[in-house]
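Asker: Please find one structure pasted underneath; my questions will follow.
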Amino acid sequence: MSRRSREPRSRFRASLALALGAVLTAPLAFTAPASATDRYTVTALKFTVRAGGRSCTVDADLYRPVGVDRGHTAPAVLATNGFGGSKSDGSTDAIGKAFAARGYVGLVYSGLGFGRSGCQISLDDPRIDGEAASGLVDFLAGTRAADDGTKADFVTRDGKGDPRVGMVGGSYGGAVQMATAAVDHRVDALVPLITWNDLAYSLDPNNAAGARDVPGAFKWQWTNSFYLIGESQPLTVPNLDPSRINSLACLHFVTDACATMRTLNSGSYPAARTGPLLEYARSVSPVSYLREVQAPTLLVQGQADSLFNLNEATATYKTLKAQGTPTKLIWQSWGHSGGLTDPASGELNLSQGNLESSYVGRRILAWFDRYLRHHDVDTGPGFAYYRDWIADPNDTYATASRVPGLSQSFYLSGDGKLVDNRKKVVGAGREYRNGLVATSHSESSLAGIAGLPDPAPYDTEGTYLGWTSEPLTRAVEVVGAPEAELKVVSPKAERVQNSGDAADKLVLFAKLYDVAPDGTKTLVHRLVAPVRVPDVRKSFTVTLPGIVHRYEAGHRLRFVVAASDDAYFGNKGVKPVTITSAPDDTGVLRLPVVG
């Protein structure tokens, strides 16, 4: 590992750890109006549940609306915290307050390994975290009591032992919903916000199509920051519960999670370790168990999110829809990379109590009205997306029946131009090479949340190739994940193609800029597509992160392939790369253009 890559990692561990506790659903800091607090009571409860073969203590708060009793029941909303949080942080108790004020019974709890709940962090494993949440569903069903004997006989039931219950929450509190619904089909509705589909892709992404089992480029800044927060829990949250401690080598996570981190940080992917790494990360991810999820699901994903990008929710959406699970998808503005603490005007912000006045808030209320209250209401279109170029906050969302497909192509010409017709392609080859340290920058992960400055994205001459279009004659609205077909020549990478360590394979980073007439370049939401090329001798397709962006008339599109990115681990050794173009054999960029 280079000296340059070690220094920023240390800096992030030291300065960003504290910020992580509030990262995941920071906008959900609900402050109930004075009148709202008279509408419900809050009772602290403890539960001892079975989870993964162990007994775990779960710390929870019960929000009970005034007037709700055995003769006047109400459906329930179950929720837990984002990573590093607890039932008491502003982003979690907000959910209990918001829905209790609207007549729902709320049960908000600290996830396993967080707050005052016991057991180790297992990354929303359905066999552990899902099983624990299922024990809380038993309480809402009235079939079990809290540790102090409290029972709930005031939750609406669909049958004996079957409470009417929905779940809502963000990121870590989003994935646990699908984990719970997979093991407990009594859950009636889900609203996961800004969460993941596949942790192997989230933390070690490879955007090469069809390369599911080829490791990607380690997202070291995001991942190590979260890992540090998890490992420091016994120190930062005093708790004598011995079930939270694993060992000196792996303090607070389950053993498999620590082993995964050691492999990722090693910068090496030998076959003996890579298989278990991918296997574990995927086994605790929705991608592995969505076939068991039957609960109607409203997915909400953030456009400003380099941790869990739009492609994650899109993959979940397509899987659920294909198997017949009722599901709809919203791409809102804010995510882990921006807008968490200060959402755009008109966006969901429970600190303002704006469920009824925000588009996403109204969709959530309608979802629960339909599936928890059984009201005959319209739950909205299959797909909706926020448009940041619309000034009127009442008109920022556009809708469609499905996510747009690829519809417009550009070709990579040998003279560095991005052209709209193969006949315009100039035949030529151009070369770039990586350095021993990262020479491109897209983002400093978490910089905005921690209040740290973040330089504008840049690429160093000689370490990337770019293709730029002519000025657009009309505005172009891109909604979805662009794709690029590429073929590269790299004799050095070919020599180590089958070395036995996947880390020897060629790594590159694809991205799409918006170039203004004055030359200013914008990397939309600072998103890049890391690729570890499966076989450098063959052409491959890159799926870029989904975006919603309007390229104005007079602007130019610029497609870039870079050798490195300082938010990720990159190439081992220097690997020169040549990309050639010819009218009948050149790279192709395809965009999902609407309108």
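By order of appearance in the structure tokens: chains A, B, ..., then residues from 1 within every chain, and ligands from 1 in the order shown.
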Fewer than 5 positions away in the same chain doesn't count, so skip those; otherwise give me all residues within 12 Å of Ala484 (chain A), counting only C-alpha atoms, as JSON, numbers by chain.
Answerer: {"A": [207, 208, 209, 406, 408, 409, 410, 411, 412, 509, 510, 511, 512, 529, 531, 539, 540, 541, 542, 543, 544, 545, 559, 560, 561, 586, 587, 588, 589, 590, 591, 592]}
Asker: Can you write out the residues you just picked, keeping N, CA, C and O atoms, as a compact mmCIF listing (two decimals), in the first residue's frame?
Answerer:
# COMPACT_ATOMS: atom_id res chain seq x y z
N ASN A 207 -18.21 -2.73 -11.06
CA ASN A 207 -19.29 -2.34 -11.95
C ASN A 207 -19.21 -2.97 -13.33
O ASN A 207 -19.91 -2.55 -14.25
N ALA A 208 -18.35 -3.97 -13.49
CA ALA A 208 -18.30 -4.72 -14.74
C ALA A 208 -19.47 -5.69 -14.77
O ALA A 208 -19.64 -6.50 -13.85
N ALA A 209 -20.29 -5.62 -15.80
CA ALA A 209 -21.45 -6.49 -15.91
C ALA A 209 -21.01 -7.95 -15.98
O ALA A 209 -20.01 -8.28 -16.62
N LEU A 406 -31.98 2.24 -21.50
CA LEU A 406 -30.96 2.92 -22.30
C LEU A 406 -31.56 3.28 -23.66
O LEU A 406 -32.20 2.46 -24.31
N GLN A 408 -29.97 6.27 -25.81
CA GLN A 408 -29.15 7.13 -26.67
C GLN A 408 -27.70 6.70 -26.58
O GLN A 408 -27.18 6.47 -25.48
N SER A 409 -27.03 6.61 -27.72
CA SER A 409 -25.66 6.11 -27.76
C SER A 409 -24.68 7.18 -28.25
O SER A 409 -25.00 7.99 -29.12
N PHE A 410 -23.49 7.13 -27.69
CA PHE A 410 -22.36 7.93 -28.15
C PHE A 410 -21.17 6.99 -28.33
O PHE A 410 -21.08 5.96 -27.67
N TYR A 411 -20.24 7.39 -29.20
CA TYR A 411 -19.12 6.53 -29.54
C TYR A 411 -17.81 7.21 -29.21
O TYR A 411 -17.67 8.43 -29.34
N LEU A 412 -16.82 6.40 -28.77
CA LEU A 412 -15.54 6.92 -28.32
C LEU A 412 -14.59 7.01 -29.52
O LEU A 412 -14.12 5.98 -30.03
N PHE A 509 -11.56 3.26 -13.42
CA PHE A 509 -12.70 4.00 -12.87
C PHE A 509 -13.36 4.80 -13.99
O PHE A 509 -12.72 5.67 -14.60
N ALA A 510 -14.62 4.50 -14.27
CA ALA A 510 -15.36 5.20 -15.31
C ALA A 510 -16.27 6.24 -14.67
O ALA A 510 -16.83 6.02 -13.59
N LYS A 511 -16.45 7.38 -15.34
CA LYS A 511 -17.30 8.44 -14.78
C LYS A 511 -17.74 9.38 -15.89
O LYS A 511 -17.16 9.42 -16.98
N LEU A 512 -18.77 10.14 -15.58
CA LEU A 512 -19.40 11.00 -16.57
C LEU A 512 -19.51 12.41 -16.01
O LEU A 512 -20.11 12.63 -14.96
N ALA A 529 -17.60 4.72 -11.22
CA ALA A 529 -17.85 3.28 -11.38
C ALA A 529 -16.52 2.54 -11.33
O ALA A 529 -15.82 2.45 -12.33
N VAL A 531 -14.07 -0.55 -11.54
CA VAL A 531 -14.12 -1.79 -12.31
C VAL A 531 -12.83 -2.56 -12.09
O VAL A 531 -11.74 -2.00 -12.24
N SER A 539 -13.59 -7.71 -24.32
CA SER A 539 -14.36 -6.49 -24.09
C SER A 539 -15.27 -6.70 -22.89
O SER A 539 -15.59 -7.83 -22.51
N PHE A 540 -15.70 -5.61 -22.27
CA PHE A 540 -16.54 -5.71 -21.07
C PHE A 540 -17.48 -4.50 -21.03
O PHE A 540 -17.25 -3.48 -21.68
N THR A 541 -18.53 -4.65 -20.26
CA THR A 541 -19.53 -3.59 -20.11
C THR A 541 -19.48 -3.04 -18.69
O THR A 541 -19.46 -3.82 -17.73
N VAL A 542 -19.49 -1.74 -18.58
CA VAL A 542 -19.48 -1.06 -17.28
C VAL A 542 -20.86 -0.44 -17.04
O VAL A 542 -21.36 0.30 -17.89
N THR A 543 -21.45 -0.74 -15.90
CA THR A 543 -22.69 -0.09 -15.49
C THR A 543 -22.35 1.01 -14.49
O THR A 543 -21.89 0.73 -13.38
N LEU A 544 -22.54 2.26 -14.88
CA LEU A 544 -22.23 3.37 -14.01
C LEU A 544 -23.33 3.54 -12.96
O LEU A 544 -24.45 3.06 -13.14
N PRO A 545 -23.05 4.21 -11.85
CA PRO A 545 -24.10 4.48 -10.87
C PRO A 545 -25.23 5.29 -11.49
O PRO A 545 -24.99 6.17 -12.32
N PHE A 559 -16.97 11.74 -20.98
CA PHE A 559 -16.80 10.41 -20.40
C PHE A 559 -15.32 10.20 -20.13
O PHE A 559 -14.47 10.45 -20.99
N VAL A 560 -15.00 9.73 -18.94
CA VAL A 560 -13.60 9.58 -18.52
C VAL A 560 -13.36 8.17 -18.00
O VAL A 560 -14.19 7.60 -17.27
N VAL A 561 -12.23 7.60 -18.39
CA VAL A 561 -11.72 6.37 -17.80
C VAL A 561 -10.41 6.73 -17.10
O VAL A 561 -9.45 7.16 -17.76
N THR A 586 -15.24 0.26 -31.63
CA THR A 586 -14.88 1.29 -30.67
C THR A 586 -15.77 1.21 -29.45
O THR A 586 -16.79 0.49 -29.44
N GLY A 587 -15.39 1.91 -28.42
CA GLY A 587 -16.19 1.94 -27.21
C GLY A 587 -17.50 2.68 -27.43
O GLY A 587 -17.60 3.58 -28.26
N VAL A 588 -18.52 2.27 -26.66
CA VAL A 588 -19.85 2.86 -26.80
C VAL A 588 -20.35 3.28 -25.41
O VAL A 588 -20.26 2.51 -24.45
N LEU A 589 -20.86 4.50 -25.32
CA LEU A 589 -21.51 5.00 -24.11
C LEU A 589 -23.00 5.08 -24.37
O LEU A 589 -23.43 5.72 -25.33
N ARG A 590 -23.81 4.43 -23.55
CA ARG A 590 -25.26 4.46 -23.71
C ARG A 590 -25.90 5.12 -22.50
O ARG A 590 -25.53 4.83 -21.36
N LEU A 591 -26.86 6.00 -22.75
CA LEU A 591 -27.49 6.79 -21.71
C LEU A 591 -29.00 6.52 -21.66
O LEU A 591 -29.64 6.38 -22.70
N PRO A 592 -29.57 6.49 -20.46
CA PRO A 592 -31.03 6.42 -20.32
C PRO A 592 -31.60 7.84 -20.36
O PRO A 592 -31.66 8.53 -19.34
Asker: Determine, counting only C-alpha atoms, which protein, DNA and RNA residues have an atom within 6 Å of an atom of region 493-506 of chain A; residues of the same chain fewer than 5 positions away are not included. Present the result as a PyMOL selection string.
Answerer: chain A and resi 268-270+532-533+572
Asker: Could you turn the residues from that selection into a file that holds N, CA and C atoms, as a short mmCIF file (atom, residue, chain, number, x, y, z; two decimals), in the first residue's frame?
Answerer:
data_model
loop_
_atom_site.label_atom_id
_atom_site.label_comp_id
_atom_site.auth_asym_id
_atom_site.auth_seq_id
_atom_site.Cartn_x
_atom_site.Cartn_y
_atom_site.Cartn_z
N SER A 268 -5.45 -7.74 -1.00
CA SER A 268 -5.17 -8.97 -1.73
C SER A 268 -6.42 -9.85 -1.73
N TYR A 269 -6.66 -10.52 -2.87
CA TYR A 269 -7.85 -11.36 -3.01
C TYR A 269 -7.48 -12.77 -3.47
N PRO A 270 -6.66 -13.50 -2.72
CA PRO A 270 -6.38 -14.88 -3.13
C PRO A 270 -7.65 -15.71 -3.08
N ARG A 532 -12.95 -3.82 -11.71
CA ARG A 532 -11.82 -4.74 -11.79
C ARG A 532 -12.11 -5.63 -12.99
N VAL A 533 -11.37 -5.44 -14.06
CA VAL A 533 -11.69 -6.07 -15.34
C VAL A 533 -11.58 -7.59 -15.21
N LYS A 572 -2.39 -2.89 -8.41
CA LYS A 572 -1.11 -3.32 -7.85
C LYS A 572 -0.06 -3.20 -8.95
#
Asker: Give me, as a VMD selection string, all polymer residues having an atom no more than 9 Å from region 72-81 of chain A, counting only C-alpha atoms and skipping those fewer than 3 positions away in the same chain.
Answerer: chain A and resid 24 to 25 60 65 67 to 69 84 to 89 91 to 93 95 to 96 99 to 100 103 to 111 114 133 136 to 137 140 153 to 157 163 to 174 176 to 177 372 to 373
Asker: Among region 276-397 of chain A, which residues carry a DSSP assignment of strand (DSSP E), reported as a list of chain:residue names?
Answerer: A:Thr297, A:Leu298, A:Leu299, A:Val300, A:Gln301, A:Gly302, A:Thr327, A:Lys328, A:Leu329, A:Ile330, A:Trp331, A:Gln332, A:Phe383, A:Ala384, A:Tyr385, A:Tyr386, A:Tyr397
Asker: To one decimal place, how far is CA of Leu508 (chain A) from CA of Gly302 (chain A) in Å?
Answerer: 24.9 Å
Asker: Would you please give, as a ChimeraX atom specification, all residues of region 309-506 of chain A that DSSP assigns to alpha helix (DSSP H) based on the backbone?
Answerer: /A:310-322,359-371,447-450,491-495
Asker: What does the file look like for those residues with C-alpha atoms, as a compact mmCIF listing (two decimals), in the first residue's frame?
Answerer:
# COMPACT_ATOMS: atom_id res chain seq x y z
CA LEU A 310 -29.32 4.18 -6.89
CA ASN A 311 -28.32 0.89 -8.50
CA GLU A 312 -28.79 -0.87 -5.16
CA ALA A 313 -32.47 0.04 -4.79
CA THR A 314 -33.05 -0.57 -8.50
CA ALA A 315 -31.74 -4.13 -8.16
CA THR A 316 -34.00 -4.77 -5.16
CA TYR A 317 -36.96 -3.20 -6.96
CA LYS A 318 -36.53 -5.35 -10.07
CA THR A 319 -36.17 -8.55 -8.04
CA LEU A 320 -39.24 -7.91 -5.90
CA LYS A 321 -41.30 -6.85 -8.88
CA ALA A 322 -40.31 -9.90 -10.92
CA TYR A 359 -43.83 14.15 -1.73
CA VAL A 360 -41.99 11.24 -0.12
CA GLY A 361 -43.82 11.75 3.18
CA ARG A 362 -47.21 11.58 1.48
CA ARG A 363 -46.17 8.41 -0.35
CA ILE A 364 -45.12 6.78 2.95
CA LEU A 365 -48.40 7.72 4.61
CA ALA A 366 -50.35 6.35 1.64
CA TRP A 367 -48.33 3.12 1.74
CA PHE A 368 -49.19 2.53 5.39
CA ASP A 369 -52.80 3.67 4.87
CA ARG A 370 -53.15 1.03 2.18
CA TYR A 371 -51.35 -1.90 3.79
CA ALA A 447 -16.48 15.11 4.24
CA GLY A 448 -19.75 17.00 4.07
CA ILE A 449 -21.17 15.32 7.16
CA ALA A 450 -18.01 15.92 9.18
CA PRO A 491 0.18 -6.41 -21.79
CA LYS A 492 1.30 -5.97 -18.17
CA ALA A 493 -2.21 -6.77 -16.90
CA GLU A 494 -2.42 -9.77 -19.28
CA ARG A 495 0.74 -11.27 -17.79
Asker: List the spatial neighbours of Gly216 (chain A) as number ranges by chain - criterion: any atom at most 8 Å away, only C-alpha atoms, same-chain residues fewer than 2 positions off excluded.
Answerer: A: 201, 204-207, 214, 218, 530-532
Asker: Which residues of region 43-128 of chain A have any atom within 6 Å of an atom in region 229-252 of chain A when counting only C-alpha atoms, and what is the closest pair of atoms for each, with the distance in Å to one decimal? Order the rows by chain and rising number and write it as JSON lines.
Answerer:
{"residue": "A:Gly113", "atom": "CA", "partner": "A:Arg244", "partner_atom": "CA", "distance": 5.9}
{"residue": "A:Gly118", "atom": "CA", "partner": "A:Arg244", "partner_atom": "CA", "distance": 5.4}
{"residue": "A:Cys119", "atom": "CA", "partner": "A:Arg244", "partner_atom": "CA", "distance": 4.3}
{"residue": "A:Gln120", "atom": "CA", "partner": "A:Arg244", "partner_atom": "CA", "distance": 4.8}
Asker: Compare A:Thr180, A:Leu123, A:Gly161, A:Ala145 by their minimum atom-to-atom distance to Tyr227 (chain A), counting only C-alpha atoms, and give me the closest one.
Answerer: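 Closest to Tyr227 (chain A) of all the choices is A:Leu123.
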